[in-house]
>>> print(open('coords15.cif').read())   # mmCIF, C-alpha atoms and all ligand atoms
data_entry
loop_
_atom_site.label_atom_id
_atom_site.label_comp_id
_atom_site.auth_asym_id
_atom_site.auth_seq_id
_atom_site.Cartn_x
_atom_site.Cartn_y
_atom_site.Cartn_z
CA MET A 1 30.45 -0.20 -2.26
CA THR A 2 26.83 0.89 -2.36
CA VAL A 3 25.06 4.18 -1.80
CA ALA A 4 21.66 3.13 -0.45
CA ALA A 5 18.61 5.22 0.32
CA ILE A 6 15.70 4.64 2.65
CA VAL A 7 12.53 6.39 1.48
CA PRO A 8 9.99 6.67 4.28
CA ALA A 9 6.65 6.74 2.46
CA ALA A 10 4.43 5.20 5.10
CA GLY A 11 2.61 8.37 6.18
CA ARG A 12 -1.15 8.43 5.74
CA GLY A 13 -1.01 12.00 4.43
CA GLU A 14 -4.08 13.15 6.32
CA ARG A 15 -3.19 16.85 5.94
CA LEU A 16 -3.32 16.35 2.17
CA GLY A 17 -6.86 15.01 2.44
CA LEU A 18 -6.76 12.73 -0.62
CA GLY A 19 -8.02 9.65 1.20
CA ARG A 20 -4.92 7.66 0.21
CA PRO A 21 -1.28 7.65 1.30
CA LYS A 22 0.54 10.86 0.42
CA ALA A 23 3.33 8.98 -1.37
CA LEU A 24 0.75 7.80 -3.92
CA ALA A 25 -0.46 11.31 -4.72
CA VAL A 26 0.28 12.09 -8.35
CA VAL A 27 2.25 15.08 -9.67
CA GLY A 28 2.64 15.44 -13.43
CA GLY A 29 1.42 11.88 -13.97
CA LEU A 30 3.89 10.28 -11.51
CA ALA A 31 3.39 9.30 -7.87
CA LEU A 32 5.44 11.29 -5.33
CA VAL A 33 7.28 8.13 -4.27
CA ALA A 34 8.32 7.36 -7.88
CA ARG A 35 9.55 10.94 -8.37
CA ALA A 36 11.50 10.78 -5.12
CA VAL A 37 13.20 7.52 -6.19
CA ASP A 38 14.05 8.97 -9.64
CA GLY A 39 15.68 12.01 -8.00
CA LEU A 40 17.79 9.80 -5.74
CA VAL A 41 18.97 7.58 -8.59
CA ALA A 42 19.79 10.64 -10.72
CA GLY A 43 21.88 11.92 -7.79
CA GLY A 44 23.98 8.74 -7.52
CA VAL A 45 22.00 6.32 -5.33
CA ASP A 46 22.49 2.63 -6.24
CA ALA A 47 19.90 0.85 -4.08
CA VAL A 48 16.56 1.99 -2.64
CA VAL A 49 14.38 0.69 0.20
CA VAL A 50 10.89 2.22 0.18
CA VAL A 51 8.82 2.05 3.37
CA ALA A 52 5.13 1.65 2.53
CA PRO A 53 2.05 2.08 4.69
CA PRO A 54 1.30 -1.41 6.07
CA GLY A 55 -1.25 -3.02 3.74
CA ASP A 56 -0.37 -0.69 0.85
CA GLU A 57 2.88 -2.39 -0.16
CA GLU A 58 1.38 -3.62 -3.44
CA ALA A 59 0.01 -0.19 -4.35
CA VAL A 60 3.45 1.33 -3.69
CA ARG A 61 5.09 -1.37 -5.86
CA ASP A 62 2.61 -0.54 -8.64
CA ALA A 63 3.40 3.17 -8.34
CA LEU A 64 7.13 2.41 -8.60
CA GLY A 65 6.62 0.47 -11.84
CA ALA A 66 9.92 -0.83 -13.24
CA ARG A 67 12.10 1.07 -10.73
CA ARG A 68 14.37 -1.22 -8.73
CA ALA A 69 13.45 -0.89 -5.06
CA VAL A 70 12.80 -3.13 -2.10
CA VAL A 71 9.44 -2.32 -0.46
CA VAL A 72 8.98 -2.94 3.28
CA PRO A 73 6.03 -2.15 5.57
CA GLY A 74 6.36 0.89 7.85
CA ALA A 75 5.36 1.72 11.40
CA ASP A 76 3.21 4.17 13.35
CA ASP A 77 5.65 7.05 13.06
CA ARG A 78 8.55 8.14 10.90
CA VAL A 79 11.26 6.97 13.31
CA GLY A 80 9.72 3.49 13.38
CA SER A 81 9.34 3.43 9.60
CA VAL A 82 13.02 4.27 8.99
CA GLY A 83 14.03 1.72 11.63
CA ALA A 84 12.00 -0.93 9.79
CA ALA A 85 14.05 -0.39 6.63
CA LEU A 86 17.52 -0.73 8.18
CA ASP A 87 17.57 -4.53 7.93
CA ALA A 88 16.83 -4.37 4.20
CA LEU A 89 19.94 -2.31 3.32
CA PRO A 90 22.53 -4.08 1.11
CA GLY A 91 25.42 -5.53 3.14
CA ASP A 92 28.07 -3.45 1.38
CA THR A 93 26.33 -0.09 1.96
CA ASP A 94 28.92 2.59 2.78
CA VAL A 95 26.63 5.63 2.54
CA VAL A 96 22.97 5.61 3.54
CA LEU A 97 20.54 8.41 2.80
CA VAL A 98 17.10 8.88 4.31
CA HIS A 99 14.78 10.82 2.02
CA ASP A 100 11.11 11.66 2.54
CA ALA A 101 8.93 10.55 -0.38
CA ALA A 102 7.12 13.85 0.22
CA ARG A 103 10.22 15.84 -0.90
CA CYS A 104 9.74 14.48 -4.39
CA LEU A 105 11.26 17.41 -6.34
CA CYS A 106 14.60 17.51 -4.54
CA PRO A 107 17.22 18.24 -7.24
CA PRO A 108 19.88 15.55 -7.87
CA GLU A 109 22.64 18.09 -7.04
CA VAL A 110 21.48 18.12 -3.42
CA VAL A 111 21.57 14.31 -3.33
CA ARG A 112 25.11 14.38 -4.75
CA ALA A 113 26.29 17.00 -2.26
CA VAL A 114 25.03 14.91 0.66
CA ILE A 115 26.69 11.72 -0.66
CA ASP A 116 29.98 13.57 -1.26
CA ALA A 117 29.99 15.00 2.27
CA VAL A 118 29.47 11.54 3.82
CA ARG A 119 32.22 10.11 1.57
CA ALA A 120 34.46 12.97 2.73
CA GLY A 121 34.19 11.57 6.26
CA HIS A 122 31.18 13.27 7.86
CA ALA A 123 29.07 10.75 9.76
CA ALA A 124 25.85 12.79 9.50
CA VAL A 125 24.94 15.36 6.84
CA VAL A 126 21.81 17.45 6.25
CA PRO A 127 20.79 19.88 3.49
CA ALA A 128 19.87 23.21 5.05
CA THR A 129 18.36 26.50 3.88
CA ALA A 130 18.17 29.90 5.55
CA VAL A 131 14.98 30.79 7.39
CA ALA A 132 13.16 33.62 5.60
CA ASP A 133 10.29 34.36 7.99
CA THR A 134 10.61 36.18 11.28
CA LEU A 135 10.16 33.62 14.04
CA LYS A 136 8.17 34.19 17.24
CA ARG A 137 7.56 32.08 20.30
CA THR A 138 3.87 31.99 21.24
CA GLY A 139 2.11 31.15 24.47
CA ASP A 140 -1.50 30.97 25.61
CA ALA A 141 -4.08 31.85 22.96
CA GLY A 142 -1.35 32.44 20.42
CA VAL A 143 0.02 35.55 22.15
CA VAL A 144 3.64 36.27 21.22
CA THR A 145 6.07 35.85 24.10
CA ALA A 146 9.38 36.39 22.28
CA THR A 147 11.04 37.06 18.95
CA VAL A 148 13.62 34.42 18.07
CA ASP A 149 16.97 35.49 16.60
CA ARG A 150 16.91 33.67 13.28
CA SER A 151 20.56 34.37 12.41
CA GLY A 152 21.70 31.04 13.84
CA LEU A 153 18.77 28.99 12.55
CA ALA A 154 18.44 26.75 9.49
CA ALA A 155 15.53 24.87 7.96
CA VAL A 156 16.61 21.30 7.38
CA GLN A 157 15.51 19.05 4.52
CA THR A 158 16.16 15.55 3.21
CA PRO A 159 17.98 13.54 1.92
CA GLN A 160 19.99 13.29 5.10
CA GLY A 161 23.15 11.21 4.77
CA PHE A 162 24.92 8.95 7.26
CA ASP A 163 27.60 6.42 7.60
CA PRO A 164 25.53 3.26 8.14
CA ALA A 165 26.92 2.47 11.61
CA THR A 166 25.87 5.92 12.83
CA LEU A 167 22.31 5.62 11.50
CA ARG A 168 21.95 2.14 12.98
CA ALA A 169 23.28 3.27 16.37
CA ALA A 170 20.96 6.29 16.37
CA HIS A 171 17.91 4.12 15.70
CA GLU A 172 19.03 1.48 18.17
CA ARG A 173 19.16 4.17 20.86
CA ALA A 174 15.71 5.45 19.86
CA ARG A 175 14.31 1.90 20.02
CA THR A 176 15.81 1.30 23.45
CA LEU A 177 14.49 4.62 24.77
CA ARG A 178 11.03 3.82 23.45
CA ALA A 179 11.03 0.32 24.89
CA GLY A 180 11.77 1.91 28.28
CA GLY A 181 8.86 4.31 27.86
CA GLY A 182 11.16 7.29 27.24
CA PRO A 183 10.33 10.09 24.79
CA VAL A 184 11.80 10.20 21.29
CA VAL A 185 11.13 13.73 20.12
CA ALA A 186 13.37 13.91 17.02
CA THR A 187 11.42 14.55 13.83
CA ASP A 188 14.37 13.67 11.63
CA ASP A 189 17.19 11.15 11.60
CA ALA A 190 19.89 13.75 12.15
CA GLY A 191 18.15 14.60 15.43
CA LEU A 192 18.66 11.01 16.55
CA ALA A 193 22.33 11.23 15.56
CA GLU A 194 22.67 14.50 17.53
CA ASP A 195 21.28 12.66 20.57
CA LEU A 196 24.23 10.26 20.21
CA GLY A 197 26.64 13.21 20.26
CA VAL A 198 27.51 12.86 16.57
CA PRO A 199 28.34 16.18 14.85
CA VAL A 200 25.87 16.90 12.05
CA VAL A 201 27.20 19.02 9.17
CA THR A 202 25.15 20.97 6.63
CA VAL A 203 25.35 21.27 2.85
CA PRO A 204 23.28 23.77 0.85
CA GLY A 205 19.66 22.68 0.50
CA ASP A 206 17.25 23.82 -2.21
CA PRO A 207 13.76 25.34 -2.07
CA ARG A 208 12.59 22.68 -4.54
CA ALA A 209 13.22 20.05 -1.86
CA PHE A 210 10.14 21.35 0.02
CA LYS A 211 7.92 18.76 1.69
CA VAL A 212 4.52 18.20 0.12
CA THR A 213 2.22 18.40 3.12
CA THR A 214 -0.90 20.38 2.17
CA PRO A 215 -3.04 20.73 -0.99
CA LEU A 216 -1.20 24.03 -1.68
CA ASP A 217 2.14 22.17 -1.68
CA LEU A 218 0.73 19.66 -4.14
CA ALA A 219 -0.44 22.49 -6.42
CA MET A 220 3.03 24.08 -6.19
CA ALA A 221 4.69 20.77 -7.10
CA GLU A 222 2.35 20.37 -10.08
CA ALA A 223 3.13 23.93 -11.24
CA LEU A 224 6.90 23.33 -10.96
CA VAL A 225 6.72 20.10 -12.94
CA THR A 226 4.58 21.78 -15.63
CA ALA A 227 7.01 24.73 -15.83
CA GLY A 228 9.93 22.36 -16.41
CA PRO A 229 13.53 22.57 -15.11
CA ALA A 230 14.27 25.84 -13.30
O1 LIG B 1 4.09 13.37 8.06
P1 LIG B 1 5.33 13.94 7.46
O2 LIG B 1 5.08 14.73 6.22
O3 LIG B 1 6.22 14.64 8.43
O4 LIG B 1 6.17 12.67 6.98
C1 LIG B 1 7.46 12.79 6.43
C2 LIG B 1 7.78 11.52 5.65
O5 LIG B 1 7.79 10.41 6.55
C3 LIG B 1 6.74 11.22 4.56
O6 LIG B 1 7.41 10.85 3.36
C4 LIG B 1 5.92 10.11 5.17
O7 LIG B 1 5.38 9.20 4.22
C5 LIG B 1 6.94 9.38 6.07
N1 LIG B 1 6.31 8.68 7.19
C6 LIG B 1 6.52 7.31 7.34
N2 LIG B 1 5.90 6.60 8.36
C7 LIG B 1 5.08 7.24 9.21
C8 LIG B 1 4.85 8.64 9.09
C9 LIG B 1 5.50 9.35 8.08
O8 LIG B 1 7.26 6.72 6.55
N3 LIG B 1 4.44 6.50 10.13
#
>>> encode(input="coords15.cif", output="structure tokens", more="lines below")
Ligand code: C5P
Amino acid sequence: MTVAAIVPAAGRGERLGLGRPKALAVVGGLALVARAVDGLVAGGVDAVVVVAPPGDEEAVRDALGARRAVVVPGADDRVGSVGAALDALPGDTDVVLVHDAARCLCPPEVVRAVIDAVRAGHAAVVPATAVADTLKRTGDAGVVTATVDRSGLAAVQTPQGFDPATLRAAHERARTLRAGGGPVVATDDAGLAEDLGVPVVTVPGDPRAFKVTTPLDLAMAEALVTAGPA
């Protein structure tokens, strides 16, 4: 049986402002997408499907070097990009992870914990961390309308793990909703599984699995890589 991972890396990375796809940004001499794949393999993943920005498949292959991965073109948004990779999964996949290329420093222990939880029988698993900031709801002109009780809240990361049938059904539903003009608001795959009524369980996440989004995040990733294992 195979543990497979889908790595959505098809974002343009406009908030990073490098003028090239975020997944090709370099940290410590390695592209984010290559680091993300290395972390997955170190955590027990056997097969990887990377979703590249359409037209940049070759550049993503170059960045991956000798790593074994299938590269497929992505779509306009993350849900579409993950959906595009489902057909490329190996036939004997029994655990599938979805992992943002942008979370390139996720420790292998988190990957392992997610795989173990799916193997233990959970159909959908997410790494989660506590929320440190106080959260407010804001209205017009940024005026605070309420303080949110953060005790029941979690910040959710990737890799998110699924039994393959659940991930396929979740994306099938999203595709059907879209085709009918309906909204698909989920910003992660677990959200699509929740919409199906599937219970989503959490395992401990890790601050190093942060998503590289802004130039500050890239500088933080560079500093962590330079500092070595923490
Ligand atoms: O834009 P954001 O940082 O939320 O993207 C999260 C992940 O989803 C990134 O790794 C990005 O490359 C990927 N993505 C994608 N296809 C899109 C948009 C984002 O694969 N159309």
>>> residues_near_point(input="coords15.cif", point="(17.5, 0.3, 13.4)", cutoff="12 Å", atoms="all atoms listed in the file", output="PDB file with C-alpha atoms, keeping the file's coordinate frame")
ATOM      1  CA  ILE A   6      15.700   4.640   2.650  1.00  0.00           C
ATOM      2  CA  VAL A  79      11.260   6.970  13.310  1.00  0.00           C
ATOM      3  CA  GLY A  80       9.720   3.490  13.380  1.00  0.00           C
ATOM      4  CA  SER A  81       9.340   3.430   9.600  1.00  0.00           C
ATOM      5  CA  VAL A  82      13.020   4.270   8.990  1.00  0.00           C
ATOM      6  CA  GLY A  83      14.030   1.720  11.630  1.00  0.00           C
ATOM      7  CA  ALA A  84      12.000  -0.930   9.790  1.00  0.00           C
ATOM      8  CA  ALA A  85      14.050  -0.390   6.630  1.00  0.00           C
ATOM      9  CA  LEU A  86      17.520  -0.730   8.180  1.00  0.00           C
ATOM     10  CA  ASP A  87      17.570  -4.530   7.930  1.00  0.00           C
ATOM     11  CA  ALA A  88      16.830  -4.370   4.200  1.00  0.00           C
ATOM     12  CA  LEU A  89      19.940  -2.310   3.320  1.00  0.00           C
ATOM     13  CA  PRO A 164      25.530   3.260   8.140  1.00  0.00           C
ATOM     14  CA  ALA A 165      26.920   2.470  11.610  1.00  0.00           C
ATOM     15  CA  THR A 166      25.870   5.920  12.830  1.00  0.00           C
ATOM     16  CA  LEU A 167      22.310   5.620  11.500  1.00  0.00           C
ATOM     17  CA  ARG A 168      21.950   2.140  12.980  1.00  0.00           C
ATOM     18  CA  ALA A 169      23.280   3.270  16.370  1.00  0.00           C
ATOM     19  CA  ALA A 170      20.960   6.290  16.370  1.00  0.00           C
ATOM     20  CA  HIS A 171      17.910   4.120  15.700  1.00  0.00           C
ATOM     21  CA  GLU A 172      19.030   1.480  18.170  1.00  0.00           C
ATOM     22  CA  ARG A 173      19.160   4.170  20.860  1.00  0.00           C
ATOM     23  CA  ALA A 174      15.710   5.450  19.860  1.00  0.00           C
ATOM     24  CA  ARG A 175      14.310   1.900  20.020  1.00  0.00           C
ATOM     25  CA  THR A 176      15.810   1.300  23.450  1.00  0.00           C
ATOM     26  CA  ASP A 189      17.190  11.150  11.600  1.00  0.00           C
ATOM     27  CA  LEU A 192      18.660  11.010  16.550  1.00  0.00           C
TER      28      LEU A 192
END
>>> residues_near_ligand(input="coords15.cif", ligand="ligand LIG 1 (chain B)", cutoff="10 Å", atoms="all atoms listed in the file", output="PyMOL selection string")
chain A and resi 6-16+21-24+32-33+36+50-54+73-85+98-104+158+187-188+211-214
>>> atom_distance(input="coords15.cif", atom1="CA of Val72 (chain A)", atom2="CA of Asp46 (chain A)")
17.4 Å
>>> closest_residue(input="coords15.cif", among="A:Thr138, A:Thr145, A:Thr93, A:Gln160", to="Gly205 (chain A)", atoms="all atoms listed in the file")
A:Gln160
>>> closest_residue(input="coords15.cif", among="A:Met1, A:Ala190, A:Val27, A:Glu222", to="Pro127 (chain A)", atoms="only C-alpha atoms")
A:Ala190
>>> atom_distance(input="coords15.cif", atom1="CA of His122 (chain A)", atom2="CA of Glu194 (chain A)")
12.9 Å
>>> closest_residue(input="coords15.cif", among="A:Pro207, A:Val60, A:Val144, A:Val118", to="Val131 (chain A)", atoms="only C-alpha atoms")
A:Pro207
>>> atom_distance(input="coords15.cif", atom1="CA of Ala47 (chain A)", atom2="CA of Ala4 (chain A)")
4.6 Å
>>> axis_aligned_box(input="coords15.cif", around="region 186-202 of chain A", padding_each_side="3 Å", output="JSON")
{"center_x": 19.9, "center_y": 15.6, "center_z": 13.6, "size_x": 22.9, "size_y": 16.7, "size_z": 19.9}
>>> residues_around(input="coords15.cif", residues="Val203 (chain A)", least_positions_apart="4", cutoff="9 Å", atoms="all atoms listed in the file", output="list in words")
Val110, Ala113, Val114, Ala117, Val125, Val126, Pro127, Ala128 and Thr129 of chain A
>>> closest_residue(input="coords15.cif", among="A:Gly191, A:Gly43, A:Gly65, A:Gly28", to="Ala219 (chain A)", atoms="only C-alpha atoms")
A:Gly28
>>> closest_residue(input="coords15.cif", among="A:Ala31, A:Ala223, A:Leu135, A:Ala154", to="Arg208 (chain A)", atoms="all atoms listed in the file")
A:Ala223
